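Shown next, in structure tokens, is the structure this report addresses.
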Amino acid sequence: MATEVAPPTAAADERVRKVGLLSRLLTRPEVGALIGVVVVWAFFAVVAHSHNFISWATTSSILNRAAPLGILAVAVALLMIAGEFDLSIGSILGFSGMVVMILVTPTSGGGFGWALWPAIAVSLLFAVLTGAFNGAVVIATRLPSFIVTLGSLFIFRGTTIAVTRLLTDRTQLGQLDDASGYELARKIFASNTTVFGSQFNVAILWWIVLTVFATWILLRTRSGNWIFGTGGAVDAARNVGVPTRRVKIALFIGTALAAWLVAVIQAVQFTGADTLRGTGQEFQAIIAAVVGGCLLTGGYGSAIGASLGALIFAMVQQGIVITGVQGDWFQVFVGGILLGAVLLNNYVRRRAGRR
Amino acid sequence: MQRRIWVGALLVMAMVAAACTSDNGSEPSPSGTSGGAVNQRGYRIAVVTHGQASDPFWSVVANGVQAAADDEGVTAEYNAPTTFDMVAMSQLIDAAVASQPDGLIVSIPDADALGPSIKAAVDAGIPVISINSGSDVFADLGVLAHIGQTEEVAGQLAGERMKEAGVTKAICVNQEVGNAALDLRCKGFSEGLGFDAEVLPVDLNDPGGITQSVLGAIQNDPDVDGILTLGPTASTPAIDALDQAGKLGDIKLATFDLSTDVLDAIDKGDMLFAIDQAQYLQGYLAVVFMTQYLATGAVALGSPDRVVLTGPQFVTKDNAADVIQFTNEGVR
């Protein structure tokens, strides 16, 4: 008997070893995005070569654009891994920026005339409240977070417009650089480093630090296991003692905080804010997370992947302008790349699962 | 097995390539120097505005850009953020600058947000011309010239024309209180009239409410014989109000900007005139100016303060029919 079984086992061993090698690569969620980064970059490097695509100026413009989206995408990826959506981050971004601006705008302009740092602190508090609100409503009502945060998308945006117009009669507030404390804030949130004549925003550093931090949480801490468990099998996770509600609320606060950080970075960098700022960012962040390997059903994904997704998004956005294609085509590219990336990820997941 | 991944990746690339090359194919090669009759000069001009080409107003600007590029034999690339988004727009300018175009054309609706990116372009040695918005800030940013309409002057000319028509008491209907450009229109209107027009604030999103507000204002004060609305969103309800009060034609009504309703009303004589900024010219002239600057090193100044006015163009009963025709052709 044993001798009869042995040959197939040997054959199976050979097969397993081969798949094992492949799957070690393929089961990483960020592989699809990594391939995407290389492919998209190579594509533009060829097509837009004569337009200076391979240059420090282009690289800085891509990274500067990817950074805010990357910050959002990393937080959104964590939330999506835990099985929830946040469609309201674009609105929270607009809201947080406007809270800062209203607080620092002089009383003659309808504001409160605060110094910048207290205003940033208060807007942080508001951001935590909006995130907690989203999380609490999702948990209390048991409605899909897609619906709940779709509602808060409009609530937060509407509040931003209404309150701003009520207090200041305007929809765009500027002159943030007149507020006291601006110099320090500029250094922390919006300073530039010049490398080979091109300006790199400090937001890139925030983005990298957050990606590393989120990856560490996901892969090296108990909270990371809780996040995967909450998204992968919420009942099972609860049964083994994972505080799934607390995990979800914390992650909703996380996405709100990411939106707040981007809001502050952009308000300081552009010395002002308008009520429309951040519109549509929620979808871009979800696209980046999905391109980076997150599943819409939760339980699977990566922070590094989401960052790479944001990088792809920014490469396409800036690459199109640099190539000289009419901007009308941009949305076609984004949709095509999203579909391609999801197909790729699906395929990889099926392969990994079939084993 | 692994092959299918590459098939997937290639598919994405193919889609991207298809969308890109099909578009590039229709345009002259940017780097081609000898070229055919279409592209004698080989200049590449990047255009970044705050208005999407899908917006009826801005699609006319984009048409002007394209027509001028064809006429001048240069390449012009029109780009705008997908929503009114100053952050995204500044990033588009950065990308355009990174691609090292021969010239850059921008609109400047928010100098705070866009200033640094535009300055970076100027510092990089790229000539910049601004269009549409930014007449008050372009000079500080190192921009060569501005092509557009200055709101206060436009309002002023509207006021003068109303005065000529015999108006002695007027209202300025403002549908976007807080928009500085609209405030300037009302201010200029008063200056042109030589007396203060009363500003009537109304809600852009509530046409029924606008009708009631205008109706209330003219019933309140029967001496009112002139109304200026600052956009088609307010002018259509205003026509309605005058109709209800039976004063259509008695009270002189005029508006900023065109719409089919407005053109129709002017053609019928229900409205006195409309003020148009001829945005087609803003796109067209900017490309022509830039091409000539690149070819000769000189830019047309228009006036000592380097603002070239494309408006106000007055549309009256005399030319409304023509303008309707031009609108259909996508050049007004």
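The way I read the labels, and the way they are meant: chains A, B, ... in the order of the structure tokens, residue 1 as the first residue of every chain, and ligand 1 as the first ligand shown, with later ones counted on from there.
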| query | Neighbours of Ala98 in chain B within 12 Å (only C-alpha atoms; same-chain residues fewer than 6 positions away dropped), as a PyMOL selection string? | reply | (chain A and resi 48-62+197-199+318-324) or (chain B and resi 46+91-92+104+117+120-121+124-126)
Any chance you can output those residues with N, CA and C atoms as a compact mmCIF listing (two decimals), in the first residue's frame?
```
# COMPACT_ATOMS: atom_id res chain seq x y z
N ALA A 48 5.32 59.32 -22.43
CA ALA A 48 5.55 60.74 -22.12
C ALA A 48 7.03 61.05 -21.96
N HIS A 49 7.85 60.21 -22.55
CA HIS A 49 9.29 60.40 -22.37
C HIS A 49 9.73 61.77 -22.88
N SER A 50 9.20 62.16 -24.04
CA SER A 50 9.62 63.43 -24.62
C SER A 50 9.07 64.61 -23.83
N HIS A 51 8.09 64.34 -22.93
CA HIS A 51 7.54 65.42 -22.12
C HIS A 51 8.12 65.40 -20.71
N ASN A 52 9.32 64.85 -20.60
CA ASN A 52 10.00 65.02 -19.34
C ASN A 52 9.38 64.21 -18.21
N PHE A 53 8.84 63.00 -18.54
CA PHE A 53 8.19 62.22 -17.47
C PHE A 53 9.21 61.72 -16.46
N ILE A 54 10.35 61.26 -16.94
CA ILE A 54 11.38 60.77 -16.02
C ILE A 54 12.21 61.97 -15.56
N SER A 55 11.72 62.63 -14.51
CA SER A 55 12.43 63.81 -14.02
C SER A 55 12.05 64.05 -12.58
N TRP A 56 12.84 64.86 -11.89
CA TRP A 56 12.52 65.17 -10.50
C TRP A 56 11.24 65.98 -10.42
N ALA A 57 11.03 66.87 -11.39
CA ALA A 57 9.84 67.71 -11.36
C ALA A 57 8.58 66.85 -11.44
N THR A 58 8.58 65.89 -12.36
CA THR A 58 7.42 65.02 -12.50
C THR A 58 7.24 64.15 -11.26
N THR A 59 8.35 63.59 -10.79
CA THR A 59 8.27 62.72 -9.62
C THR A 59 7.70 63.48 -8.42
N SER A 60 8.18 64.71 -8.23
CA SER A 60 7.66 65.47 -7.08
C SER A 60 6.19 65.77 -7.28
N SER A 61 5.77 66.10 -8.51
CA SER A 61 4.36 66.44 -8.69
C SER A 61 3.48 65.20 -8.48
N ILE A 62 3.99 64.02 -8.81
CA ILE A 62 3.22 62.80 -8.57
C ILE A 62 3.14 62.50 -7.08
N GLY A 197 16.11 70.79 -7.31
CA GLY A 197 15.30 71.86 -7.87
C GLY A 197 13.81 71.62 -7.86
N SER A 198 13.36 70.49 -7.30
CA SER A 198 11.92 70.23 -7.26
C SER A 198 11.45 70.17 -5.81
N GLN A 199 10.24 70.66 -5.60
CA GLN A 199 9.72 70.77 -4.23
C GLN A 199 8.95 69.52 -3.83
N GLN A 318 -1.49 62.72 -12.94
CA GLN A 318 -0.45 63.65 -13.40
C GLN A 318 0.09 63.21 -14.75
N GLY A 319 0.18 61.90 -14.95
CA GLY A 319 0.72 61.39 -16.20
C GLY A 319 -0.08 61.83 -17.40
N ILE A 320 -1.41 61.87 -17.21
CA ILE A 320 -2.26 62.25 -18.33
C ILE A 320 -1.98 63.69 -18.75
N VAL A 321 -1.83 64.56 -17.75
CA VAL A 321 -1.54 65.96 -18.07
C VAL A 321 -0.18 66.06 -18.75
N ILE A 322 0.78 65.31 -18.21
CA ILE A 322 2.14 65.40 -18.74
C ILE A 322 2.21 64.84 -20.15
N THR A 323 1.47 63.76 -20.38
CA THR A 323 1.46 63.16 -21.72
C THR A 323 0.86 64.12 -22.73
N GLY A 324 -0.08 64.95 -22.24
CA GLY A 324 -0.69 65.89 -23.16
C GLY A 324 -2.01 65.39 -23.73
N ALA B 46 0.18 74.27 -22.69
CA ALA B 46 -0.69 73.60 -21.72
C ALA B 46 -1.73 74.61 -21.22
N GLN B 91 -2.48 71.10 -8.50
CA GLN B 91 -1.67 69.92 -8.83
C GLN B 91 -1.60 69.68 -10.34
N LEU B 92 -2.71 70.02 -11.02
CA LEU B 92 -2.68 69.91 -12.49
C LEU B 92 -1.68 70.90 -13.07
N LEU B 104 2.11 78.32 -20.91
CA LEU B 104 1.05 77.85 -20.01
C LEU B 104 -0.06 78.90 -19.97
N SER B 117 1.81 77.62 -7.37
CA SER B 117 2.02 76.78 -8.56
C SER B 117 2.30 77.64 -9.79
N ALA B 120 5.71 79.07 -9.59
CA ALA B 120 6.71 78.04 -9.91
C ALA B 120 6.88 77.91 -11.41
N ALA B 121 5.76 78.04 -12.13
CA ALA B 121 5.84 77.97 -13.60
C ALA B 121 6.66 79.13 -14.13
N ALA B 124 10.21 78.71 -13.49
CA ALA B 124 10.82 77.69 -14.35
C ALA B 124 11.04 78.21 -15.77
N GLY B 125 10.68 79.48 -15.98
CA GLY B 125 10.93 80.09 -17.28
C GLY B 125 9.85 79.83 -18.30
N ILE B 126 8.67 79.38 -17.83
CA ILE B 126 7.58 79.13 -18.75
C ILE B 126 6.70 80.38 -18.82
```
| query | How would you write, as an NGL selection string, the set of residues in range 60-286 of chain A that DSSP gives as strand (DSSP E)? | reply | :A and (172-173 or 192-195 or 198-201 or 273-274)
Got time to write the residues from that selection, N, CA and C atoms, as a PDB file, in the first residue's frame?
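Below is the file result26.pdb, written as the result:
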```
ATOM      1  N   GLN A 172     -15.591  80.693   0.648  1.00  0.00           N
ATOM      2  CA  GLN A 172     -14.151  80.486   0.547  1.00  0.00           C
ATOM      3  C   GLN A 172     -13.483  81.434   1.524  1.00  0.00           C
ATOM      4  N   LEU A 173     -12.673  80.899   2.432  1.00  0.00           N
ATOM      5  CA  LEU A 173     -11.990  81.742   3.406  1.00  0.00           C
ATOM      6  C   LEU A 173     -10.487  81.612   3.211  1.00  0.00           C
ATOM      7  N   ASN A 192       8.264  72.455   2.440  1.00  0.00           N
ATOM      8  CA  ASN A 192       8.756  71.791   1.239  1.00  0.00           C
ATOM      9  C   ASN A 192      10.244  71.520   1.374  1.00  0.00           C
ATOM     10  N   THR A 193      10.675  70.403   0.831  1.00  0.00           N
ATOM     11  CA  THR A 193      12.099  70.130   0.744  1.00  0.00           C
ATOM     12  C   THR A 193      12.474  70.175  -0.725  1.00  0.00           C
ATOM     13  N   THR A 194      13.501  70.929  -1.034  1.00  0.00           N
ATOM     14  CA  THR A 194      13.902  71.018  -2.433  1.00  0.00           C
ATOM     15  C   THR A 194      14.968  69.981  -2.724  1.00  0.00           C
ATOM     16  N   VAL A 195      14.657  69.069  -3.639  1.00  0.00           N
ATOM     17  CA  VAL A 195      15.616  68.057  -4.069  1.00  0.00           C
ATOM     18  C   VAL A 195      15.821  68.234  -5.567  1.00  0.00           C
ATOM     19  N   SER A 198      13.359  70.489  -7.305  1.00  0.00           N
ATOM     20  CA  SER A 198      11.925  70.232  -7.255  1.00  0.00           C
ATOM     21  C   SER A 198      11.454  70.168  -5.811  1.00  0.00           C
ATOM     22  N   GLN A 199      10.235  70.660  -5.597  1.00  0.00           N
ATOM     23  CA  GLN A 199       9.725  70.773  -4.233  1.00  0.00           C
ATOM     24  C   GLN A 199       8.954  69.523  -3.834  1.00  0.00           C
ATOM     25  N   PHE A 200       9.385  68.895  -2.760  1.00  0.00           N
ATOM     26  CA  PHE A 200       8.662  67.755  -2.210  1.00  0.00           C
ATOM     27  C   PHE A 200       7.967  68.186  -0.923  1.00  0.00           C
ATOM     28  N   ASN A 201       6.650  67.958  -0.840  1.00  0.00           N
ATOM     29  CA  ASN A 201       5.891  68.384   0.339  1.00  0.00           C
ATOM     30  C   ASN A 201       6.162  67.461   1.522  1.00  0.00           C
ATOM     31  N   ALA A 273      -9.403  77.637   2.862  1.00  0.00           N
ATOM     32  CA  ALA A 273     -10.221  76.474   2.536  1.00  0.00           C
ATOM     33  C   ALA A 273     -11.494  76.967   1.872  1.00  0.00           C
ATOM     34  N   ASP A 274     -12.130  76.085   1.116  1.00  0.00           N
ATOM     35  CA  ASP A 274     -13.454  76.413   0.615  1.00  0.00           C
ATOM     36  C   ASP A 274     -14.399  75.271   0.950  1.00  0.00           C
TER      37      ASP A 274
END
```
| message | Would you pick out the contacts of Gly249 in chain B at 8 Å or less, using only C-alpha atoms, so that residues sharing its chain but fewer than 5 positions from it are not included, and give the list as a PyMOL selection string? | response | chain B and resi 269-271
Can you write just those residues out, C-alpha atoms, as a PDB file, in the first residue's frame?
```pdb
ATOM      1  CA  GLY B 269     -38.132  92.357 -26.746  1.00  0.00           C
ATOM      2  CA  ASP B 270     -38.926  91.315 -23.157  1.00  0.00           C
ATOM      3  CA  MET B 271     -35.344  92.029 -22.123  1.00  0.00           C
TER       4      MET B 271
END
```
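In this comparison, which uses only C-alpha atoms, the residue of B:Ala197, B:Thr255, B:Ala111, B:Leu263 approaching Lys317 in chain B most closely is B:Leu263.
Going from CA of Ala95 in chain B to CA of Leu114 in chain B covers 13.1 Å.
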| remark: Residue with the minimum atom-to-atom distance to chain B, picked from A:Leu257, A:Ile217, A:Ile312, A:Val39 with only C-alpha atoms counted, is A:Val39
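A straight line drawn from CA of Pro81 in chain B to CA of Gln52 in chain B is 6.7 Å long.
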| request: Pick out the residues sitting within 12 Å of Val37 in chain A, and hand them over as a ChimeraX atom specification; count only C-alpha atoms, and ignore anything fewer than 2 positions along from it in its own chain. | output: /A:30-35,39-45,288,291-292,305-316,337,341 /B:9,12-13
Written selection (N, CA and C atoms) as an mmCIF file, in the first residue's frame:
```cif
data_model
loop_
_atom_site.group_PDB
_atom_site.id
_atom_site.type_symbol
_atom_site.label_atom_id
_atom_site.label_comp_id
_atom_site.auth_asym_id
_atom_site.auth_seq_id
_atom_site.Cartn_x
_atom_site.Cartn_y
_atom_site.Cartn_z
ATOM 1 N N GLU A 30 -0.854 43.222 -1.783
ATOM 2 C CA GLU A 30 -0.327 44.391 -2.488
ATOM 3 C C GLU A 30 0.383 44.038 -3.789
ATOM 4 N N VAL A 31 0.459 42.724 -4.104
ATOM 5 C CA VAL A 31 1.199 42.341 -5.307
ATOM 6 C C VAL A 31 0.591 42.960 -6.568
ATOM 7 N N GLY A 32 -0.744 42.893 -6.648
ATOM 8 C CA GLY A 32 -1.422 43.467 -7.819
ATOM 9 C C GLY A 32 -1.066 44.931 -7.991
ATOM 10 N N ALA A 33 -1.106 45.669 -6.859
ATOM 11 C CA ALA A 33 -0.825 47.102 -6.921
ATOM 12 C C ALA A 33 0.623 47.360 -7.299
ATOM 13 N N LEU A 34 1.514 46.502 -6.786
ATOM 14 C CA LEU A 34 2.932 46.679 -7.087
ATOM 15 C C LEU A 34 3.174 46.504 -8.588
ATOM 16 N N ILE A 35 2.566 45.446 -9.146
ATOM 17 C CA ILE A 35 2.667 45.244 -10.599
ATOM 18 C C ILE A 35 2.097 46.472 -11.313
ATOM 19 N N VAL A 39 3.834 48.817 -14.072
ATOM 20 C CA VAL A 39 3.276 48.874 -15.426
ATOM 21 C C VAL A 39 2.905 50.306 -15.801
ATOM 22 N N VAL A 40 2.186 50.991 -14.884
ATOM 23 C CA VAL A 40 1.732 52.345 -15.196
ATOM 24 C C VAL A 40 2.926 53.282 -15.365
ATOM 25 N N TRP A 41 3.913 53.138 -14.474
ATOM 26 C CA TRP A 41 5.077 54.007 -14.578
ATOM 27 C C TRP A 41 5.800 53.762 -15.900
ATOM 28 N N ALA A 42 6.002 52.495 -16.217
ATOM 29 C CA ALA A 42 6.714 52.160 -17.452
ATOM 30 C C ALA A 42 5.953 52.689 -18.663
ATOM 31 N N PHE A 43 4.627 52.556 -18.585
ATOM 32 C CA PHE A 43 3.806 53.032 -19.692
ATOM 33 C C PHE A 43 4.035 54.523 -19.942
ATOM 34 N N PHE A 44 3.909 55.323 -18.858
ATOM 35 C CA PHE A 44 4.075 56.771 -19.029
ATOM 36 C C PHE A 44 5.519 57.123 -19.357
ATOM 37 N N ALA A 45 6.443 56.347 -18.815
ATOM 38 C CA ALA A 45 7.855 56.620 -19.096
ATOM 39 C C ALA A 45 8.124 56.509 -20.590
ATOM 40 N N ALA A 288 -8.301 53.663 -4.424
ATOM 41 C CA ALA A 288 -6.902 53.380 -4.101
ATOM 42 C C ALA A 288 -6.803 52.125 -3.239
ATOM 43 N N VAL A 291 -7.678 49.045 -5.468
ATOM 44 C CA VAL A 291 -6.558 48.767 -6.364
ATOM 45 C C VAL A 291 -5.415 48.148 -5.562
ATOM 46 N N GLY A 292 -5.300 48.583 -4.305
ATOM 47 C CA GLY A 292 -4.245 48.060 -3.445
ATOM 48 C C GLY A 292 -4.559 46.714 -2.831
ATOM 49 N N GLY A 305 -0.573 48.253 0.193
ATOM 50 C CA GLY A 305 -1.301 48.179 -1.075
ATOM 51 C C GLY A 305 -2.092 49.445 -1.330
ATOM 52 N N ALA A 306 -2.790 49.947 -0.291
ATOM 53 C CA ALA A 306 -3.588 51.164 -0.452
ATOM 54 C C ALA A 306 -2.694 52.339 -0.831
ATOM 55 N N SER A 307 -1.511 52.398 -0.223
ATOM 56 C CA SER A 307 -0.568 53.464 -0.560
ATOM 57 C C SER A 307 -0.127 53.366 -2.006
ATOM 58 N N LEU A 308 0.146 52.130 -2.439
ATOM 59 C CA LEU A 308 0.533 51.935 -3.840
ATOM 60 C C LEU A 308 -0.631 52.296 -4.756
ATOM 61 N N GLY A 309 -1.857 51.978 -4.303
ATOM 62 C CA GLY A 309 -3.042 52.345 -5.078
ATOM 63 C C GLY A 309 -3.125 53.855 -5.262
ATOM 64 N N ALA A 310 -2.851 54.586 -4.175
ATOM 65 C CA ALA A 310 -2.864 56.050 -4.254
ATOM 66 C C ALA A 310 -1.782 56.537 -5.213
ATOM 67 N N LEU A 311 -0.648 55.867 -5.183
ATOM 68 C CA LEU A 311 0.459 56.243 -6.065
ATOM 69 C C LEU A 311 0.066 56.028 -7.530
ATOM 70 N N ILE A 312 -0.593 54.899 -7.808
ATOM 71 C CA ILE A 312 -1.052 54.634 -9.178
ATOM 72 C C ILE A 312 -2.019 55.725 -9.613
ATOM 73 N N PHE A 313 -2.960 56.033 -8.708
ATOM 74 C CA PHE A 313 -3.967 57.048 -9.009
ATOM 75 C C PHE A 313 -3.295 58.371 -9.370
ATOM 76 N N ALA A 314 -2.322 58.770 -8.557
ATOM 77 C CA ALA A 314 -1.641 60.047 -8.794
ATOM 78 C C ALA A 314 -0.814 59.993 -10.077
ATOM 79 N N MET A 315 -0.202 58.832 -10.338
ATOM 80 C CA MET A 315 0.587 58.710 -11.570
ATOM 81 C C MET A 315 -0.304 58.885 -12.792
ATOM 82 N N VAL A 316 -1.501 58.287 -12.723
ATOM 83 C CA VAL A 316 -2.417 58.413 -13.851
ATOM 84 C C VAL A 316 -2.866 59.860 -13.990
ATOM 85 N N ILE A 337 -8.340 51.377 -15.095
ATOM 86 C CA ILE A 337 -7.330 50.845 -14.186
ATOM 87 C C ILE A 337 -7.986 50.186 -12.979
ATOM 88 N N ALA A 341 -7.390 46.361 -12.094
ATOM 89 C CA ALA A 341 -6.786 45.994 -10.819
ATOM 90 C C ALA A 341 -7.673 45.023 -10.056
ATOM 91 N N ALA B 9 -2.725 42.282 -16.661
ATOM 92 C CA ALA B 9 -1.934 43.515 -16.593
ATOM 93 C C ALA B 9 -1.827 44.160 -17.970
ATOM 94 N N VAL B 12 -4.966 46.001 -18.977
ATOM 95 C CA VAL B 12 -5.042 47.359 -18.424
ATOM 96 C C VAL B 12 -4.201 48.293 -19.275
ATOM 97 N N MET B 13 -2.995 47.832 -19.581
ATOM 98 C CA MET B 13 -2.085 48.677 -20.328
ATOM 99 C C MET B 13 -2.646 48.970 -21.712
#
```
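Among the candidates A:Gly109, A:Gly135, A:Gly340, A:Pro144, the one nearest to chain B when counting only C-alpha atoms is A:Gly340.
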| task | Mind the document's chain letters and residue numbers, and return as a PyMOL selection string the residues of range 91-149 of chain A that DSSP labels helix (DSSP H, G or I). | result | chain A and resi 91-104+107-109+116-141+145-149
Those same residues, written as a compact mmCIF listing (two decimals), in the first residue's frame with C-alpha atoms?
```txt
# COMPACT_ATOMS: atom_id res chain seq x y z
CA SER A 91 -17.13 65.84 3.61
CA ILE A 92 -15.23 65.52 6.88
CA LEU A 93 -12.20 66.89 5.04
CA GLY A 94 -14.17 69.94 3.91
CA PHE A 95 -15.75 70.28 7.34
CA SER A 96 -12.47 70.12 9.28
CA GLY A 97 -10.78 72.64 7.02
CA MET A 98 -13.68 75.03 7.39
CA VAL A 99 -13.75 74.66 11.20
CA VAL A 100 -10.12 75.79 11.27
CA MET A 101 -10.78 78.67 8.88
CA ILE A 102 -13.91 79.93 10.67
CA LEU A 103 -12.12 79.88 14.02
CA VAL A 104 -9.10 81.83 12.78
CA THR A 107 -14.38 88.65 13.92
CA SER A 108 -14.76 91.40 11.31
CA GLY A 109 -14.99 88.65 8.70
CA LEU A 116 -4.17 78.76 14.61
CA TRP A 117 -3.18 76.02 17.06
CA PRO A 118 -6.28 76.13 19.28
CA ALA A 119 -8.33 76.11 16.06
CA ILE A 120 -6.48 73.01 14.85
CA ALA A 121 -7.08 71.34 18.24
CA VAL A 122 -10.80 72.09 18.15
CA SER A 123 -11.11 70.84 14.58
CA LEU A 124 -9.36 67.65 15.70
CA LEU A 125 -11.99 67.24 18.39
CA PHE A 126 -14.75 67.75 15.83
CA ALA A 127 -13.16 65.17 13.53
CA VAL A 128 -13.09 62.60 16.34
CA LEU A 129 -16.76 63.34 17.02
CA THR A 130 -17.74 62.90 13.36
CA GLY A 131 -15.91 59.57 13.19
CA ALA A 132 -17.46 58.39 16.45
CA PHE A 133 -20.86 59.50 15.17
CA ASN A 134 -20.47 57.39 12.01
CA GLY A 135 -19.32 54.38 13.99
CA ALA A 136 -21.98 54.68 16.67
CA VAL A 137 -24.80 55.04 14.14
CA VAL A 138 -23.56 52.04 12.13
CA ILE A 139 -23.45 49.91 15.26
CA ALA A 140 -26.65 51.17 16.85
CA THR A 141 -28.81 50.92 13.72
CA SER A 145 -22.11 51.60 6.71
CA PHE A 146 -22.43 52.38 3.00
CA ILE A 147 -25.88 53.88 3.69
CA VAL A 148 -25.03 55.50 7.00
CA THR A 149 -21.94 57.29 5.73
```
| message | Please determine, counting only C-alpha atoms, which residue among A:Val76, A:Ala115, A:Val290, A:Ala267 has the shortest atom-to-atom distance to chain B. | response | A:Ala267
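Among the candidate residues B:Thr82, B:Gln279, B:Ser130, B:Thr229, the one lying nearest to chain A is B:Thr82, with distances computed using only C-alpha atoms.
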| Close residues, Val315 in chain B itself excluded, 6 Å, only C-alpha atoms, min 5 positions apart in chain, as number ranges by chain | B: 273-274, 320
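The interatomic distance for the pair CA of Gln326 in chain A and CA of Asp85 in chain B works out to 18.0 Å.
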All residues 10 Å or closer to Asp206 in chain B, only C-alpha atoms, same chain fewer than 2 positions away omitted, as a compact mmCIF listing (two decimals) with C-alpha atoms, in the first residue's frame:
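Generated output (part_11.txt):
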```
# COMPACT_ATOMS: atom_id res chain seq x y z
CA GLN B 175 -28.19 85.34 -6.62
CA VAL B 202 -32.03 86.06 -3.70
CA ASP B 203 -31.50 82.32 -3.46
CA LEU B 204 -29.90 80.74 -6.51
CA GLY B 208 -40.03 80.50 -7.34
CA GLY B 209 -38.63 82.49 -4.43
CA ILE B 210 -36.71 84.76 -6.81
CA THR B 211 -39.93 85.52 -8.69
CA THR B 233 -30.63 81.66 -13.02
CA ALA B 234 -32.15 84.90 -11.76
CA PRO B 237 -37.68 84.17 -12.71
```
| If we count only C-alpha atoms, what is near Gly229 in chain A at a cut-off of 9 Å, once residues fewer than 2 positions away on the same chain are taken out, given as an NGL selection string? | :A and (81-82 or 224-227 or 231-234 or 236-238 or 242 or 244 or 299)
